[in-house]
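Asker: Here you go, this is entry_5.cif (mmCIF, C-alpha atoms).
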```cif
data_upload
loop_
_atom_site.label_atom_id
_atom_site.label_comp_id
_atom_site.auth_asym_id
_atom_site.auth_seq_id
_atom_site.Cartn_x
_atom_site.Cartn_y
_atom_site.Cartn_z
CA ARG A 257 0.00 0.00 0.00
CA LYS A 258 0.98 3.63 -0.40
CA ILE A 259 2.77 5.17 2.61
CA ILE A 260 2.43 8.92 3.14
CA PHE A 261 4.93 10.45 5.55
CA GLU A 262 5.74 14.16 5.88
CA LYS A 263 4.43 15.16 2.41
CA GLN A 264 6.30 12.25 0.82
CA TRP A 265 4.64 9.14 -0.60
CA PHE A 266 6.29 5.83 -1.44
CA TYR A 267 5.87 2.05 -1.56
CA LEU A 268 7.76 -0.30 0.77
CA ASP A 269 7.96 -3.25 -1.66
CA ASN A 270 11.66 -2.78 -2.45
CA ALA A 271 12.55 -2.42 1.26
CA ILE A 272 11.68 -6.05 2.05
CA GLY A 273 14.82 -8.11 2.56
CA HIS A 274 17.07 -5.21 3.63
CA ILE A 275 18.34 -4.81 7.19
CA TYR A 276 17.02 -2.18 9.60
CA GLY A 277 18.88 1.11 9.38
CA THR A 278 19.19 1.03 5.58
CA THR A 279 18.80 4.42 3.92
CA PHE A 280 16.65 4.56 0.79
CA GLU A 281 16.15 7.19 -1.87
CA VAL A 282 12.63 7.74 -3.22
CA THR A 283 12.71 7.55 -7.02
CA SER A 284 10.00 8.33 -9.56
CA GLY A 285 6.79 6.39 -8.99
CA GLY A 286 7.39 6.18 -5.24
CA ASN A 287 9.84 3.27 -5.47
CA LEU A 288 12.64 2.90 -2.93
CA GLN A 289 16.24 2.35 -3.96
CA PRO A 290 19.12 1.84 -1.48
CA LYS A 291 21.18 5.01 -1.37
CA GLN A 292 24.84 4.69 -2.28
CA GLU A 293 27.15 6.32 0.23
CA VAL A 294 29.19 9.03 -1.52
CA GLU A 295 32.23 10.37 0.28
CA GLU A 296 32.41 14.14 0.17
CA THR A 297 35.95 15.13 -0.74
CA THR A 298 36.03 18.90 -0.48
CA THR A 299 39.56 20.26 -0.43
CA GLU A 300 38.70 23.93 -0.94
CA THR A 301 37.80 25.90 2.19
CA LYS A 302 34.31 27.31 2.41
CA GLU A 303 33.82 31.05 2.58
CA ALA A 304 32.07 32.05 5.79
CA GLY A 305 31.34 35.27 7.60
CA THR A 306 32.26 36.16 11.16
CA ASP A 307 28.72 36.79 12.40
CA ASN A 308 25.13 37.15 11.19
CA ARG A 309 24.43 40.70 12.40
CA ASN A 310 24.21 42.23 8.91
CA ILE A 311 21.93 39.54 7.43
CA VAL A 312 18.31 40.66 7.06
CA ASP A 313 15.60 38.04 6.44
CA ASP A 314 13.55 39.99 3.87
CA GLY A 315 12.85 37.05 1.52
CA LYS A 316 14.88 38.58 -1.32
CA SER A 317 18.17 36.74 -0.77
CA GLN A 318 17.17 33.71 -2.94
CA LYS A 319 17.18 34.32 -6.69
CA LEU A 320 15.45 31.04 -7.56
CA THR A 321 11.67 31.30 -7.44
CA HIS A 322 9.19 28.57 -6.58
CA ASP A 323 8.46 28.04 -10.28
CA ASP A 324 12.17 27.64 -11.04
CA ILE A 325 12.53 24.94 -8.38
CA LYS A 326 9.43 23.16 -9.73
CA ALA A 327 10.92 23.26 -13.25
CA LEU A 328 14.14 21.71 -11.94
CA LYS A 329 12.12 18.90 -10.32
CA ASP A 330 10.18 18.30 -13.55
CA LYS A 331 13.46 17.90 -15.44
CA GLY A 332 14.36 15.03 -13.09
CA ILE A 333 17.18 16.83 -11.28
CA LYS A 334 17.94 15.16 -7.94
CA GLY A 335 17.55 16.84 -4.55
CA GLN A 336 21.30 17.15 -3.98
CA GLU A 337 21.71 19.19 -7.18
CA ILE A 338 18.71 21.39 -6.28
CA VAL A 339 20.31 22.16 -2.89
CA GLN A 340 23.56 23.11 -4.68
CA GLN A 341 21.61 25.43 -7.00
CA LEU A 342 19.94 27.08 -3.99
CA ILE A 343 23.33 27.67 -2.34
CA GLU A 344 24.79 29.21 -5.50
CA ASN A 345 21.77 31.50 -6.00
CA SER A 346 21.69 32.71 -2.39
CA THR A 347 23.13 36.20 -1.97
CA THR A 348 23.62 35.89 1.81
CA PHE A 349 25.01 32.33 2.06
CA ARG A 350 28.70 33.36 2.02
CA ASP A 351 28.09 36.04 4.66
CA LYS A 352 26.67 33.52 7.15
CA THR A 353 28.82 31.86 9.79
CA GLU A 354 30.01 28.29 9.28
CA PHE A 355 27.41 27.01 11.76
CA ALA A 356 24.61 28.93 10.03
CA GLN A 357 25.70 27.54 6.66
CA ASP A 358 25.55 23.95 7.97
CA LYS A 359 22.11 24.63 9.41
CA TYR A 360 20.91 26.08 6.07
CA ILE A 361 22.20 23.07 4.09
CA LYS A 362 20.63 20.62 6.55
CA LYS A 363 17.27 22.39 6.33
CA LYS A 364 17.26 22.42 2.50
CA LYS A 365 18.35 18.77 2.31
CA LYS A 366 15.44 17.74 4.50
CA LYS A 367 13.05 19.65 2.23
CA TYR A 368 14.30 18.63 -1.21
CA GLU A 369 16.16 15.34 -0.77
CA ALA A 370 13.71 12.40 -0.64
CA VAL A 371 15.77 10.14 1.62
CA ILE A 372 14.23 7.68 4.09
CA THR A 373 15.85 5.49 6.74
CA ILE A 374 13.86 2.53 8.06
CA VAL A 375 14.61 1.81 11.71
CA LYS A 376 13.51 -1.03 13.98
CA PRO A 377 10.49 -0.07 16.12
CA SER A 378 11.17 0.33 19.82
CA THR A 379 9.52 1.84 22.89
CA ARG A 380 11.68 4.98 22.69
CA ILE A 381 10.93 5.66 19.01
CA LEU A 382 7.18 4.99 19.29
CA SER A 383 6.72 6.99 22.50
CA THR A 384 8.67 9.94 21.07
CA MET A 385 6.59 9.81 17.88
CA TYR A 386 3.25 9.60 19.70
CA TYR A 387 4.19 12.42 22.10
CA ALA A 388 5.30 14.69 19.23
CA ARG A 389 2.38 13.98 16.87
CA GLU A 390 -0.64 12.71 18.84
CA PRO A 391 -0.08 13.26 22.58
CA GLY A 392 -3.82 13.14 23.32
CA LYS A 393 -3.98 9.47 22.30
CA ILE A 394 -1.46 8.50 25.01
CA ASN A 395 -2.79 10.88 27.72
CA HIS A 396 0.27 13.14 27.24
CA LEU A 397 2.56 10.42 28.61
CA ARG A 398 6.09 11.63 27.92
CA TYR A 399 8.81 9.12 27.03
CA ASP A 400 10.94 9.80 30.14
CA THR A 401 7.86 9.29 32.35
CA LEU A 402 7.22 5.95 30.61
CA ALA A 403 10.84 4.96 31.30
CA GLN A 404 10.33 5.81 35.00
CA MET A 405 7.19 3.64 35.05
CA LEU A 406 9.06 0.63 33.69
CA THR A 407 11.82 1.11 36.26
CA LEU A 408 9.59 1.74 39.30
CA GLY A 409 7.31 -1.16 38.28
CA ASN A 410 10.31 -3.56 38.19
CA ILE A 411 9.24 -4.91 34.78
CA ARG A 412 11.36 -7.95 33.96
CA ALA A 413 11.20 -11.28 32.15
CA GLY A 414 9.29 -14.05 33.89
CA SER A 415 7.04 -11.82 36.01
CA LYS A 416 3.24 -11.73 36.14
CA MET A 417 2.05 -8.19 35.49
CA ILE A 418 -1.35 -6.47 35.56
CA VAL A 419 -1.60 -3.55 33.12
CA MET A 420 -4.51 -1.11 33.00
CA GLU A 421 -3.99 1.57 30.36
CA THR A 422 -5.88 3.74 27.88
CA CYS A 423 -2.79 4.90 25.96
CA SER A 424 -3.58 3.12 22.66
CA GLY A 425 -1.53 0.11 23.78
CA LEU A 426 1.79 2.00 24.11
CA VAL A 427 2.33 1.10 27.79
CA LEU A 428 1.33 -2.51 27.11
CA GLY A 429 3.81 -2.70 24.22
CA ALA A 430 6.58 -1.22 26.40
CA VAL A 431 5.92 -3.85 29.10
CA MET A 432 5.87 -6.65 26.51
CA GLU A 433 9.15 -5.45 25.01
CA ARG A 434 10.83 -5.32 28.43
CA MET A 435 9.58 -8.82 29.34
CA GLY A 436 10.80 -10.27 26.04
CA GLY A 437 8.02 -12.85 25.67
CA TYR A 438 8.65 -14.49 29.08
CA GLY A 439 6.07 -14.30 31.86
CA SER A 440 2.41 -13.35 31.66
CA ILE A 441 0.52 -10.07 31.28
CA ILE A 442 -3.12 -9.46 32.20
CA GLN A 443 -4.55 -6.41 30.47
CA MET A 444 -7.59 -4.85 32.12
CA TYR A 445 -9.76 -2.98 29.64
CA PRO A 446 -12.88 -0.78 29.73
CA GLY A 447 -15.70 -1.11 27.23
CA GLY A 448 -16.17 -3.87 24.70
CA GLY A 449 -12.54 -4.81 24.08
CA PRO A 450 -8.88 -3.78 24.50
CA VAL A 451 -7.28 -1.15 22.23
CA ARG A 452 -3.83 -2.18 20.96
CA ALA A 453 -3.10 0.19 18.07
CA ALA A 454 0.40 1.09 19.29
CA THR A 455 1.14 -2.51 20.39
CA SER A 456 0.74 -3.71 16.80
CA CYS A 457 3.40 -1.18 15.68
CA PHE A 458 6.10 -2.97 17.70
CA GLY A 459 6.03 -5.95 15.34
CA PHE A 460 6.17 -8.57 18.08
CA PRO A 461 6.31 -12.23 16.98
CA LYS A 462 3.28 -14.44 17.61
CA PRO A 463 4.70 -16.20 20.75
CA PHE A 464 4.69 -12.81 22.55
CA PHE A 465 0.88 -12.83 22.46
CA ASP A 466 0.49 -16.39 23.79
CA ASN A 467 0.85 -15.22 27.40
CA LEU A 468 -1.15 -12.00 26.95
CA HIS A 469 -4.53 -12.22 28.69
CA GLU A 470 -7.38 -9.71 28.91
CA PHE A 471 -10.12 -9.09 31.46
CA PRO A 472 -12.94 -6.51 31.46
CA LEU A 473 -13.00 -3.88 34.23
CA SER A 474 -16.75 -4.32 34.57
CA GLU A 475 -16.23 -7.84 36.00
CA VAL A 476 -13.58 -6.94 38.62
CA ASP A 477 -16.05 -6.26 41.45
CA SER A 478 -17.92 -9.52 40.83
CA LEU A 479 -14.61 -11.40 40.78
CA LEU A 480 -13.59 -9.90 44.13
CA SER A 481 -16.98 -10.61 45.71
CA GLY A 482 -17.00 -14.20 44.43
CA THR A 483 -20.12 -13.79 42.28
CA PHE A 484 -18.26 -13.86 38.94
CA SER A 485 -19.54 -16.49 36.54
CA THR A 486 -19.65 -16.72 32.77
CA GLU A 487 -22.40 -18.49 30.91
CA THR A 488 -22.08 -22.25 30.95
CA LEU A 489 -19.61 -23.13 28.27
CA PRO A 490 -21.15 -25.28 25.57
CA SER A 491 -18.84 -28.03 24.41
CA GLU A 492 -17.79 -28.02 20.79
CA PRO A 493 -19.73 -31.25 19.90
CA GLU A 494 -23.00 -29.65 21.08
CA ASP A 495 -22.28 -26.66 18.90
CA ASN A 496 -21.75 -28.96 15.93
CA VAL A 497 -25.00 -30.82 16.65
CA LEU A 498 -26.84 -27.50 16.88
CA VAL A 499 -25.38 -26.38 13.59
CA GLU A 500 -26.19 -29.73 11.96
CA GLU A 501 -29.80 -29.49 13.16
CA GLU A 502 -30.05 -26.02 11.61
CA ILE A 503 -28.55 -27.32 8.39
CA ASN A 504 -30.97 -30.31 8.33
CA GLY A 505 -33.89 -27.96 8.91
CA LEU A 506 -32.71 -25.75 6.08
CA THR A 507 -32.23 -28.69 3.72
CA GLU A 508 -35.72 -29.99 4.53
CA GLU A 509 -37.18 -26.58 3.74
CA LYS A 510 -35.15 -26.53 0.56
CA GLN A 511 -36.40 -29.97 -0.47
CA THR A 512 -40.04 -29.00 0.13
CA SER A 513 -39.55 -25.84 -1.88
CA LEU A 514 -37.98 -27.88 -4.68
CA HIS A 515 -40.94 -30.34 -4.61
CA GLU A 516 -43.31 -27.41 -4.84
CA THR A 517 -41.46 -26.00 -7.83
CA GLU A 518 -41.48 -29.42 -9.51
CA GLU A 519 -45.25 -29.75 -8.98
CA GLU A 520 -45.79 -26.28 -10.37
CA SER A 521 -43.73 -27.10 -13.45
CA THR A 522 -45.73 -30.33 -14.10
CA THR A 523 -49.03 -28.48 -13.84
CA GLU A 524 -47.74 -25.87 -16.24
CA ALA A 525 -46.75 -28.64 -18.66
CA ALA A 526 -50.22 -30.16 -18.39
CA MET A 527 -51.74 -26.80 -19.34
CA GLU A 528 -49.88 -27.04 -22.70
CA ILE A 529 -47.79 -23.86 -22.33
CA ASN A 530 -45.12 -23.19 -24.87
CA GLN A 531 -41.99 -25.37 -24.45
CA THR A 532 -39.64 -22.42 -24.59
CA GLU A 533 -41.44 -20.71 -21.71
CA GLU A 534 -41.32 -23.94 -19.72
CA GLN A 535 -37.56 -24.17 -20.22
CA GLU A 536 -37.06 -20.57 -19.14
CA THR A 537 -39.07 -20.98 -15.94
CA MET A 538 -37.24 -24.19 -15.07
CA ASP A 539 -33.87 -22.47 -15.59
CA ILE A 540 -34.94 -19.58 -13.36
CA ASN A 541 -36.08 -21.99 -10.64
CA ALA A 542 -32.79 -23.89 -10.85
CA ASP A 543 -30.82 -20.65 -10.55
CA ASP A 544 -32.89 -19.60 -7.52
CA ALA A 545 -32.31 -22.99 -5.91
CA GLU A 546 -28.53 -22.69 -6.44
CA PHE A 547 -28.53 -19.13 -5.05
CA LYS A 548 -30.48 -20.23 -1.97
CA GLU A 549 -28.18 -23.19 -1.46
CA ASN A 550 -25.06 -20.98 -1.60
CA LYS A 551 -26.63 -18.47 0.76
CA GLU A 552 -27.56 -21.22 3.24
CA LYS A 553 -23.99 -22.55 3.15
CA GLU A 554 -22.63 -19.08 3.92
CA ASN A 555 -25.11 -18.65 6.77
CA LYS A 556 -24.23 -21.98 8.34
CA GLU A 557 -20.48 -21.20 8.10
CA ASN A 558 -21.05 -17.79 9.71
CA VAL A 559 -23.05 -19.36 12.55
CA ARG A 560 -20.36 -21.96 13.15
CA GLU A 561 -17.56 -19.35 13.10
CA LYS A 562 -19.48 -17.05 15.46
CA GLN A 563 -20.11 -19.87 17.94
CA ARG A 564 -16.46 -20.94 17.81
CA LYS A 565 -15.27 -17.39 18.55
CA GLN A 566 -17.72 -17.03 21.46
CA TRP A 567 -16.58 -20.35 22.87
CA GLU A 568 -12.87 -19.36 22.64
CA ARG A 569 -13.53 -15.94 24.18
CA ARG A 570 -15.39 -17.41 27.17
CA LYS A 571 -12.69 -20.02 27.63
CA LYS A 572 -9.97 -17.32 27.71
CA LEU A 573 -12.07 -15.25 30.13
CA ILE A 574 -12.30 -18.16 32.57
CA GLU A 575 -8.52 -18.77 32.30
CA THR A 576 -7.80 -15.08 33.02
CA ALA A 577 -10.21 -15.08 35.99
CA ALA A 578 -8.37 -18.11 37.40
CA LEU A 579 -5.05 -16.25 37.08
CA LEU A 580 -6.46 -13.20 38.89
CA ARG A 581 -8.00 -15.32 41.67
CA GLU A 582 -4.51 -16.49 42.63
CA LYS A 583 -3.81 -12.89 43.77
CA ASN A 584 -0.07 -13.30 43.23
CA ALA A 585 0.69 -10.69 40.54
CA ASP A 586 4.25 -9.34 40.60
CA GLY A 587 3.27 -5.77 39.83
CA LEU A 588 0.61 -3.32 38.71
CA ILE A 589 0.81 -0.56 36.09
CA VAL A 590 -2.06 1.95 35.75
CA ALA A 591 -2.04 4.68 33.08
CA SER A 592 -5.58 5.62 32.15
CA LYS A 593 -7.87 8.57 31.59
CA PHE A 594 -10.13 7.39 34.45
CA HIS A 595 -9.84 8.46 38.09
CA PRO A 596 -7.03 6.35 39.59
CA THR A 597 -8.41 5.88 43.14
CA PRO A 598 -11.18 3.28 42.55
CA LEU A 599 -9.06 1.53 39.93
CA LEU A 600 -6.04 1.18 42.19
CA LEU A 601 -7.95 0.16 45.33
CA SER A 602 -9.69 -2.68 43.50
CA LEU A 603 -6.73 -3.90 41.39
CA LEU A 604 -4.31 -3.93 44.35
CA GLU A 605 -6.28 -6.89 45.70
CA PHE A 606 -4.77 -9.06 42.95
CA VAL A 607 -1.14 -8.07 43.71
CA ALA A 608 1.03 -10.18 46.00
CA PRO A 609 2.72 -8.57 49.05
CA SER A 610 6.11 -6.89 48.64
CA ARG A 611 5.44 -6.01 45.00
CA PRO A 612 5.66 -2.58 43.30
CA PHE A 613 2.82 -0.61 41.73
CA VAL A 614 2.90 2.54 39.58
CA VAL A 615 0.04 4.89 38.69
CA TYR A 616 0.33 7.58 36.01
CA CYS A 617 -1.95 10.59 35.71
CA GLN A 618 -1.65 13.72 33.62
CA TYR A 619 -2.75 15.84 36.61
CA LYS A 620 -1.55 15.97 40.21
CA GLU A 621 -4.86 16.36 42.09
CA PRO A 622 -6.31 12.86 41.40
CA LEU A 623 -3.06 11.28 42.56
CA LEU A 624 -3.08 13.38 45.76
CA GLU A 625 -6.52 11.98 46.55
CA CYS A 626 -5.29 8.50 45.73
CA TYR A 627 -2.27 9.01 48.01
CA THR A 628 -4.55 10.02 50.91
CA LYS A 629 -6.89 7.03 50.40
CA LEU A 630 -3.98 4.61 50.36
CA ARG A 631 -2.60 6.09 53.60
CA GLU A 632 -5.98 5.62 55.26
CA ARG A 633 -6.39 2.09 53.92
CA GLY A 634 -2.88 0.84 54.72
CA GLY A 635 -1.23 -2.16 53.15
CA VAL A 636 1.32 -0.05 51.24
CA ILE A 637 4.71 1.45 52.08
CA ASN A 638 7.21 3.77 50.40
CA LEU A 639 4.47 5.87 48.78
CA LYS A 640 5.95 8.52 46.49
CA LEU A 641 4.33 11.13 44.28
CA SER A 642 6.85 12.40 41.73
CA GLU A 643 7.19 14.43 38.55
CA THR A 644 10.07 14.00 36.11
CA TRP A 645 11.75 17.14 34.81
CA LEU A 646 13.13 16.93 31.27
CA ARG A 647 15.27 19.27 29.21
CA ASN A 648 16.75 18.43 25.81
CA TYR A 649 20.29 19.47 24.95
CA GLN A 650 21.83 20.02 21.54
CA VAL A 651 25.26 18.38 21.56
CA LEU A 652 27.39 19.52 18.59
CA PRO A 653 31.03 20.63 18.29
CA ASP A 654 31.48 24.16 19.70
CA ARG A 655 27.73 24.72 20.00
CA SER A 656 26.29 22.47 22.72
CA HIS A 657 23.50 24.15 24.66
CA PRO A 658 20.01 23.49 26.08
CA LYS A 659 17.30 23.69 23.46
CA LEU A 660 15.18 26.82 23.60
CA THR A 661 11.88 24.95 23.72
CA MET A 662 11.15 22.29 26.34
CA SER A 663 8.15 20.32 27.52
CA GLY A 664 5.99 22.00 30.15
CA GLY A 665 5.11 18.76 31.95
CA GLY A 666 5.13 15.02 31.46
CA GLY A 667 2.52 13.99 34.02
CA TYR A 668 2.83 12.61 37.55
CA LEU A 669 3.60 9.19 39.01
CA LEU A 670 2.42 7.60 42.25
CA SER A 671 4.50 4.58 43.21
CA GLY A 672 4.73 2.29 46.19
CA ILE A 673 5.18 -1.26 47.47
CA THR A 674 2.44 -3.56 48.75
CA VAL A 675 2.61 -5.22 52.17
CA VAL A 676 0.30 -7.61 54.00
CA LEU A 677 -2.75 -5.69 55.20
CA ASP A 678 -3.69 -6.86 58.72
CA LYS A 679 -7.34 -5.89 58.85
CA GLY A 680 -7.68 -6.89 62.50
CA LYS A 681 -5.21 -4.26 63.66
CA ALA A 682 -7.12 -1.53 61.85
CA ASP A 683 -10.23 -2.29 63.98
CA PRO A 684 -10.68 0.31 66.81
CA SER A 685 -11.85 -2.42 69.22
CA ASN A 686 -8.36 -3.94 69.13
CA LEU A 687 -6.57 -0.79 70.34
CA GLU A 688 -6.28 -2.16 73.88
CA ALA A 689 -4.71 -5.34 72.57
CA LEU A 690 -2.26 -3.24 70.57
CA LYS A 691 -1.29 -1.31 73.72
CA MET A 692 -0.56 -4.56 75.53
CA GLU A 693 1.71 -5.62 72.67
CA GLU A 694 3.87 -2.50 73.09
CA PRO A 695 7.18 -2.82 74.97
CA LEU A 696 7.10 -2.11 78.74
CA SER A 697 9.38 0.95 78.51
CA LYS A 698 7.13 2.55 75.89
CA ARG A 699 3.99 1.87 77.95
CA CYS A 700 5.58 3.48 81.01
CA LYS A 701 6.46 6.61 79.03
CA VAL A 702 2.91 6.91 77.70
CA GLN A 703 1.44 6.52 81.24
CA ASN A 704 3.79 9.18 82.65
CA LEU A 705 2.78 11.59 79.91
CA HIS A 706 -0.91 11.05 80.71
CA CYS A 707 -0.25 11.74 84.38
#
```
Let me see the file written as structure tokens.

Answerer:
Amino acid sequence: RKIIFEKQWFYLDNAIGHIYGTTFEVTSGGNLQPKQEVEETTTETKEAGTDNRNIVDDGKSQKLTHDDIKALKDKGIKGQEIVQQLIENSTTFRDKTEFAQDKYIKKKKKKYEAVITIVKPSTRILSTMYYAREPGKINHLRYDTLAQMLTLGNIRAGSKMIVMETCSGLVLGAVMERMGGYGSIIQMYPGGGPVRAATSCFGFPKPFFDNLHEFPLSEVDSLLSGTFSTETLPSEPEDNVLVEEEINGLTEEKQTSLHETEEESTTEAAMEINQTEEQETMDINADDAEFKENKEKENKENVREKQRKQWERRKKLIETAALLREKNADGLIVASKFHPTPLLLSLLEFVAPSRPFVVYCQYKEPLLECYTKLRERGGVINLKLSETWLRNYQVLPDRSHPKLTMSGGGGYLLSGITVVLDKGKADPSNLEALKMEEPLSKRCKVQNLHC
């Protein structure tokens, strides 16, 4: 299919078979050809000015017009030659500093040279791309914040993770990449089904998805209360019998309809109608019968396929519920557009003690409320609410400096570690028992203070 990227269109057919990192040149017709590396051997020194104070950007420094550049393209002149023409026809190029000249050439090359490098997809590349182009789809989750989530959540191969995210599958893909296909992941999803648009961009092999399970958020409360139950699973033979019965019923109807058509044709023959008309009506009836038969076959195949998919979905749902009932997950990652407090309080029930959890939110206030609720509830330690500060630097010879524009905020993270929640100690009626458990020296101090 045609790929459109930054005002450039091309086909990826010729890229198949090449290694990642290969640079291609877009030729006429949108075909890709591997670019030959040409060593630039420039012996003559470039003329450059001392500073840019006398250069005025009035739009009159370039002699070539838009129509001239279009004419050069129509002649089939390559981008490198067009850039050279622009340099020669610029009246201010030689007055610019060496750094400004390099910047000018780089800018024109990007505009007129149709060069593409295909790189292997990774969490860093995809998160940077999503944040730059469509940050709303990933809840404005910045790439450094995602890296902090993977670190604080202790994502590793062989672990059993619970992931609840509404970031188009980016967080799920990052967790799958870090785990490398080992371990199991349970994705909690709202609505009718999970969204994995970004996950599909990673290009994971099929075995990575064998240990990926999914469970609807709407069934979490029933699972915790013990009332969760799916419809009784029909065995596959019963499904086949049901389908066969439907098919038999359809064939019987078809046979009766055929008998009726035969009787009609005999009566018409008895009435001495023209033979040509008889032949035409019989042909039409035969065509109708064939059409009905094909339609019935399609219907029965659709019914069988639908029943098979329902059976597989219910089977997977029961397997996932069994995994959650064990309540021994090695970690929890939450990054959704919903309020984190009810999500976290319910999903923490499935996490084993002494395991990390991380919650991302674009805003601080919901996480503050979540922090307070967790303090009241107990069962967690090392609670931290943090925000990562990020500034990009340009690192080039003799001109390394912080970039002028930087991100205003990358969201907030609430992290902590689960511990065993002793519900008996939280009961006010057991305060006296708790006092008796205190050391004698501490009890004496408390009594003296009361006196």

Asker: Can you give me, as a list in words, the residues this file yields under the PyMOL selection byres ((chain A and resi 368) around 8)?

Answerer: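 What the PyMOL selection byres ((chain A and resi 368) around 8) grabs from the file is Gly335, Gln336, Ile338, Val339, Lys364, Lys365, Lys366, Lys367, Glu369 and Ala370 of chain A.
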
Asker: Between CA of Ala453 (chain A) and CA of Val375 (chain A), what is the distance, to one decimal in Å?

Answerer: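 For CA of Ala453 (chain A) relative to CA of Val375 (chain A), the distance reads 18.9 Å.
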
Asker: Could you list the residues chosen by the PyMOL selection byres ((chain A and resi 485) around 12) in this structure as a PyMOL selection string?

Answerer: chain A and resi 475-484+486-489+570-571+573-574+577-578

Asker: Mind dumping the selected residues with C-alpha atoms as an mmCIF file, keeping the file's coordinate frame?

Answerer:
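Contents of the output file result.cif:
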```cif
data_model
loop_
_atom_site.group_PDB
_atom_site.id
_atom_site.type_symbol
_atom_site.label_atom_id
_atom_site.label_comp_id
_atom_site.auth_asym_id
_atom_site.auth_seq_id
_atom_site.Cartn_x
_atom_site.Cartn_y
_atom_site.Cartn_z
ATOM 1 C CA GLU A 475 -16.230 -7.840 36.000
ATOM 2 C CA VAL A 476 -13.580 -6.940 38.620
ATOM 3 C CA ASP A 477 -16.050 -6.260 41.450
ATOM 4 C CA SER A 478 -17.920 -9.520 40.830
ATOM 5 C CA LEU A 479 -14.610 -11.400 40.780
ATOM 6 C CA LEU A 480 -13.590 -9.900 44.130
ATOM 7 C CA SER A 481 -16.980 -10.610 45.710
ATOM 8 C CA GLY A 482 -17.000 -14.200 44.430
ATOM 9 C CA THR A 483 -20.120 -13.790 42.280
ATOM 10 C CA PHE A 484 -18.260 -13.860 38.940
ATOM 11 C CA THR A 486 -19.650 -16.720 32.770
ATOM 12 C CA GLU A 487 -22.400 -18.490 30.910
ATOM 13 C CA THR A 488 -22.080 -22.250 30.950
ATOM 14 C CA LEU A 489 -19.610 -23.130 28.270
ATOM 15 C CA ARG A 570 -15.390 -17.410 27.170
ATOM 16 C CA LYS A 571 -12.690 -20.020 27.630
ATOM 17 C CA LEU A 573 -12.070 -15.250 30.130
ATOM 18 C CA ILE A 574 -12.300 -18.160 32.570
ATOM 19 C CA ALA A 577 -10.210 -15.080 35.990
ATOM 20 C CA ALA A 578 -8.370 -18.110 37.400
#
```

Asker: Counting only C-alpha atoms, which of A:Pro377, A:Gly429, A:Gly667, A:Gly447 gets nearest to Lys620 (chain A)?

Answerer: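 Smallest separation from Lys620 (chain A) among the options: A:Gly667.
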
Asker: With only C-alpha atoms as the basis for distance, which of A:Glu546, A:Glu281, A:Glu344, A:Asp351 is at the shortest distance from Val312 (chain A)?

Answerer: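 Checking each of A:Glu546, A:Glu281, A:Glu344, A:Asp351 against Val312 (chain A), counting only C-alpha atoms, the winner is A:Asp351.
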
Asker: For a test of reading the model, state the distance in Å between CA of Asp307 (chain A) and CA of Asn648 (chain A), rounded to one decimal.

Answerer: 25.7 Å

Asker: Return as a PDB file with C-alpha atoms, keeping the file's coordinate frame the set of residues that the PyMOL selection byres ((chain A and resi 669) around 6) yields on the displayed structure.

Answerer:
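Below is the file that was written, selection_16.pdb:
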```
ATOM      1  CA  VAL A 615       0.040   4.890  38.690  1.00  0.00           C
ATOM      2  CA  TYR A 616       0.330   7.580  36.010  1.00  0.00           C
ATOM      3  CA  LEU A 641       4.330  11.130  44.280  1.00  0.00           C
ATOM      4  CA  SER A 642       6.850  12.400  41.730  1.00  0.00           C
ATOM      5  CA  TYR A 668       2.830  12.610  37.550  1.00  0.00           C
ATOM      6  CA  LEU A 670       2.420   7.600  42.250  1.00  0.00           C
TER       7      LEU A 670
END
```

Asker: Please provide the set of residues having any atom within 10 Å of Ala413 (chain A), restricted to only C-alpha atoms, with same-chain residues fewer than 6 positions apart removed, written as a list in words.

Answerer: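 Selected residues are Val431, Met432, Glu433, Arg434, Met435, Gly436, Gly437, Tyr438, Gly439 and Ser440 of chain A.
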
Asker: Atoms to include: C-alpha atoms. Write the selected residues as a PDB file, keeping the file's coordinate frame.

Answerer:
```
ATOM      1  CA  VAL A 431       5.920  -3.850  29.100  1.00  0.00           C
ATOM      2  CA  MET A 432       5.870  -6.650  26.510  1.00  0.00           C
ATOM      3  CA  GLU A 433       9.150  -5.450  25.010  1.00  0.00           C
ATOM      4  CA  ARG A 434      10.830  -5.320  28.430  1.00  0.00           C
ATOM      5  CA  MET A 435       9.580  -8.820  29.340  1.00  0.00           C
ATOM      6  CA  GLY A 436      10.800 -10.270  26.040  1.00  0.00           C
ATOM      7  CA  GLY A 437       8.020 -12.850  25.670  1.00  0.00           C
ATOM      8  CA  TYR A 438       8.650 -14.490  29.080  1.00  0.00           C
ATOM      9  CA  GLY A 439       6.070 -14.300  31.860  1.00  0.00           C
ATOM     10  CA  SER A 440       2.410 -13.350  31.660  1.00  0.00           C
TER      11      SER A 440
END
```

Asker: Using all atoms listed in the file, find the one residue out of A:Phe355, A:Phe471, A:Phe606, A:Tyr360 that sits nearest to Ser656 (chain A).

Answerer: A:Phe355

Asker: Given all atoms listed in the file as the basis, pick out the residue of A:Gln618, A:Thr373, A:Ser346, A:Asn584 nearest to Ile361 (chain A).

Answerer: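 That would be A:Ser346, the residue with the smallest distance to Ile361 (chain A).
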
Asker: I want to know what sits within 12 Å of Ser663 (chain A), based on only C-alpha atoms, with residues of the same chain fewer than 3 positions away left out; could you give that as JSON, numbers by chain?

Answerer: {"A": [387, 388, 391, 396, 397, 398, 399, 400, 644, 645, 646, 647, 648, 659, 660, 666, 667]}
